Each structure stands twice: as structure tokens, then as C-alpha cells.
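Engineer: Here it is, the structure in full.
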Amino acid sequence: MARLSVALELARQRSGPGASGALERITLESERLNELIGRLLTIAKLESGEDGIEKSAVRLEELISEVAKDAAFEAQSRQCYVAVDISEDLVVMGSASLLRSAIENVIRNGIRYTKEGTHVQITLERDDLTNSAVLTVEDSGPGVPTDALEKIFRPFYRIDDARGRQTGGVGLGLAITERSVLLHGGTIKASNRPQGGLKVEMRLPATAVNIPATPVLAV
């Protein structure tokens, strides 16, 4: 992929204006391929289990705030916004990069499909009965067919409807999210909201903030 990028840049420099459209298309497809390879490597890493995954104390408030800030910038292009409601800062013992990727995939998914002029709601609260953090992400999009609510977490699964046609993704984002959550001893489920849209709920073993956390790093 690195050599392909170099070759594309050389071709762009040496070609005339008539080739710009084709070169831009090749660049776009190579970027998608590079992203796909990265996601496949992440899936392979998650499928191998906990071996080789370094864990530390991760503050969810800090993590969610950073992801939401980046997502809000992306949402502007669709005249949407991101709302965050955190009732308590909680700590999860795990991989900051994998947790960030898991949360980011769900939030970006919501931004892609929520209706223009609406918002994606992110809520973090504590379930005292199970000592877990409950993170929900809700959008106001078309939702998904009932029989697909569990299937959307399968690798490469795509829905052949409005929700599936709006993106050029290959169906790995939510699969990575599910495996990241399971790796941290948590659970994830999706449901359609009565008023329209999709709700994704992630539950992770967590404690209240009382120990220093490591900086959050992107995948």
C-alpha cells in the first residue's frame, strides 16, 4: 500500500489534467483498501483473545469527551450535532485504544444515519446492581430491520436498505466494537427506538474514578 501511494503521487505529478479524475478515484479506492486492511488486522487481534493486549485504567468520561468532540466536527457536514450526558466518571480496566475504537465506531455510525438537523445522543451512567458502566448511543435515523439487530455485529454484514446504502463501509466497524466490548468482559446490544432510530447499549465492568488513568490513544 505504501508503494502504491508513492506510485499514485508520481502519476499525478506526471499526468495531464485529463487523468485527474481517474487518479482521484484510484486514490479513494486505495484509501478504502488501506482502511480495510487495518480493520482486518484489528479483527484478527481481537479474535486472538487477551494475549498481547496491554490493559490500564481508562477514564470513560475523558475518552467519550474526546471521541464526541471529533464526531461533532464530522456531524457539522450533515447539519447534525452530538449531545453528551455523563452522570458519573467511571474507570474501565482495559485497552484505551480498543475502547476508543469501539465507542468511535458506534458514534460515527450514528452520525452517518441520523436525519439531518437531528442529533446523536451519548449517555454514560452507572448500574450499581452490576457495577458496570452503561454507555448508550442513540440516533434518529431509519433504524434496522428487527431480524438484523444481532446480525449487524457480524463481520462484513451489510443491510440492503437505506441504512446500508448510505455508506461505503464494508461492515467491520460494529464487528470490531462487539469484539472489543466482549474482550473487556462486557456486553453490547442494539434495538430500534420507538420514536425512530437505532440505540446501541454497551455495558462494561467499571468502578468510580479513584485511580490515575493513562492517556487515551487512537487506534
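Within each chain, counting starts at residue 1; across the C-alpha cells, chains are named A, B, ... in the order shown, with ligands numbered 1 upward in that order.
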Considering only C-alpha atoms, tabulate each residue of range 184-204 of chain A that lies at most 10 Å from range 97-121 of chain A along with its nearest interatomic pair and the corresponding distance in Å to one decimal; arrange the rows by chain and ascending residue number and present them as CSV.
Structural biologist:
residue,atom,partner,partner_atom,distance
A:His184,CA,A:Leu99,CA,8.6
A:Gly196,CA,A:Thr114,CA,9.7
A:Gly197,CA,A:Thr114,CA,7.2
A:Leu198,CA,A:Gly110,CA,7.7
A:Lys199,CA,A:Gly110,CA,8.8
A:Val200,CA,A:Val106,CA,7.5
A:Glu201,CA,A:Val106,CA,9.7
A:Met202,CA,A:Ile103,CA,8.8
Engineer: What does the file look like for those residues with N, CA, C and O atoms, as an mmCIF file, in the first residue's frame?
Structural biologist:
data_model
loop_
_atom_site.group_PDB
_atom_site.id
_atom_site.type_symbol
_atom_site.label_atom_id
_atom_site.label_comp_id
_atom_site.auth_asym_id
_atom_site.auth_seq_id
_atom_site.Cartn_x
_atom_site.Cartn_y
_atom_site.Cartn_z
ATOM 1 N N HIS A 184 -13.386 -6.991 26.922
ATOM 2 C CA HIS A 184 -13.322 -6.285 28.206
ATOM 3 C C HIS A 184 -14.364 -6.804 29.196
ATOM 4 O O HIS A 184 -14.648 -6.160 30.204
ATOM 5 N N GLY A 196 -38.148 6.101 16.469
ATOM 6 C CA GLY A 196 -37.339 6.030 15.256
ATOM 7 C C GLY A 196 -35.862 6.160 15.566
ATOM 8 O O GLY A 196 -35.464 6.921 16.444
ATOM 9 N N GLY A 197 -35.050 5.405 14.856
ATOM 10 C CA GLY A 197 -33.611 5.454 15.078
ATOM 11 C C GLY A 197 -33.100 4.201 15.770
ATOM 12 O O GLY A 197 -33.872 3.345 16.210
ATOM 13 N N LEU A 198 -31.795 4.122 15.865
ATOM 14 C CA LEU A 198 -31.146 2.958 16.466
ATOM 15 C C LEU A 198 -30.521 3.319 17.805
ATOM 16 O O LEU A 198 -29.967 4.408 17.973
ATOM 17 N N LYS A 199 -30.609 2.403 18.752
ATOM 18 C CA LYS A 199 -29.987 2.567 20.061
ATOM 19 C C LYS A 199 -29.015 1.411 20.270
ATOM 20 O O LYS A 199 -29.384 0.250 20.149
ATOM 21 N N VAL A 200 -27.763 1.748 20.567
ATOM 22 C CA VAL A 200 -26.755 0.740 20.859
ATOM 23 C C VAL A 200 -26.326 0.919 22.313
ATOM 24 O O VAL A 200 -25.945 2.020 22.724
ATOM 25 N N GLU A 201 -26.420 -0.156 23.072
ATOM 26 C CA GLU A 201 -26.076 -0.117 24.502
ATOM 27 C C GLU A 201 -24.869 -1.009 24.778
ATOM 28 O O GLU A 201 -24.879 -2.185 24.453
ATOM 29 N N MET A 202 -23.842 -0.423 25.359
ATOM 30 C CA MET A 202 -22.639 -1.155 25.752
ATOM 31 C C MET A 202 -22.531 -1.155 27.270
ATOM 32 O O MET A 202 -22.674 -0.099 27.904
#
Engineer: What parts of range 3-152 of chain A does DSSP call strand (DSSP E or B)? I'd like the answer as JSON, numbers by chain.
Structural biologist: {"A": [56, 57, 58, 59, 81, 82, 83, 84, 85, 86, 90, 91, 92, 93, 94, 119, 120, 121, 122, 123, 124, 125, 126, 127, 132, 133, 134, 135, 136, 137, 138]}
Engineer: Rank nothing, just name the residue among A:Ala68, A:Cys80, A:Ala208, A:Val137 nearest to Leu124 in chain A, using only C-alpha atoms.
Structural biologist: A:Val137
Engineer: Do you know which residues are at most 12 Å from Met93 in chain A counting only C-alpha atoms, after dropping those on the same chain fewer than 6 positions away, and could you put them as a ChimeraX atom specification?
Structural biologist: /A:53-60,99,132-133,181,183-186,204-209,211-214
Engineer: Taking only C-alpha atoms into account, which of A:Val82, A:Ala72, A:Leu10, A:Ala190 comes nearest Leu149 in chain A?
Structural biologist: A:Ala190
Engineer: Go ahead and compute the interatomic distance for CA of Leu172 in chain A and CA of Glu24 in chain A, in Å to one decimal.
Structural biologist: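 A separation of 24.4 Å between them.
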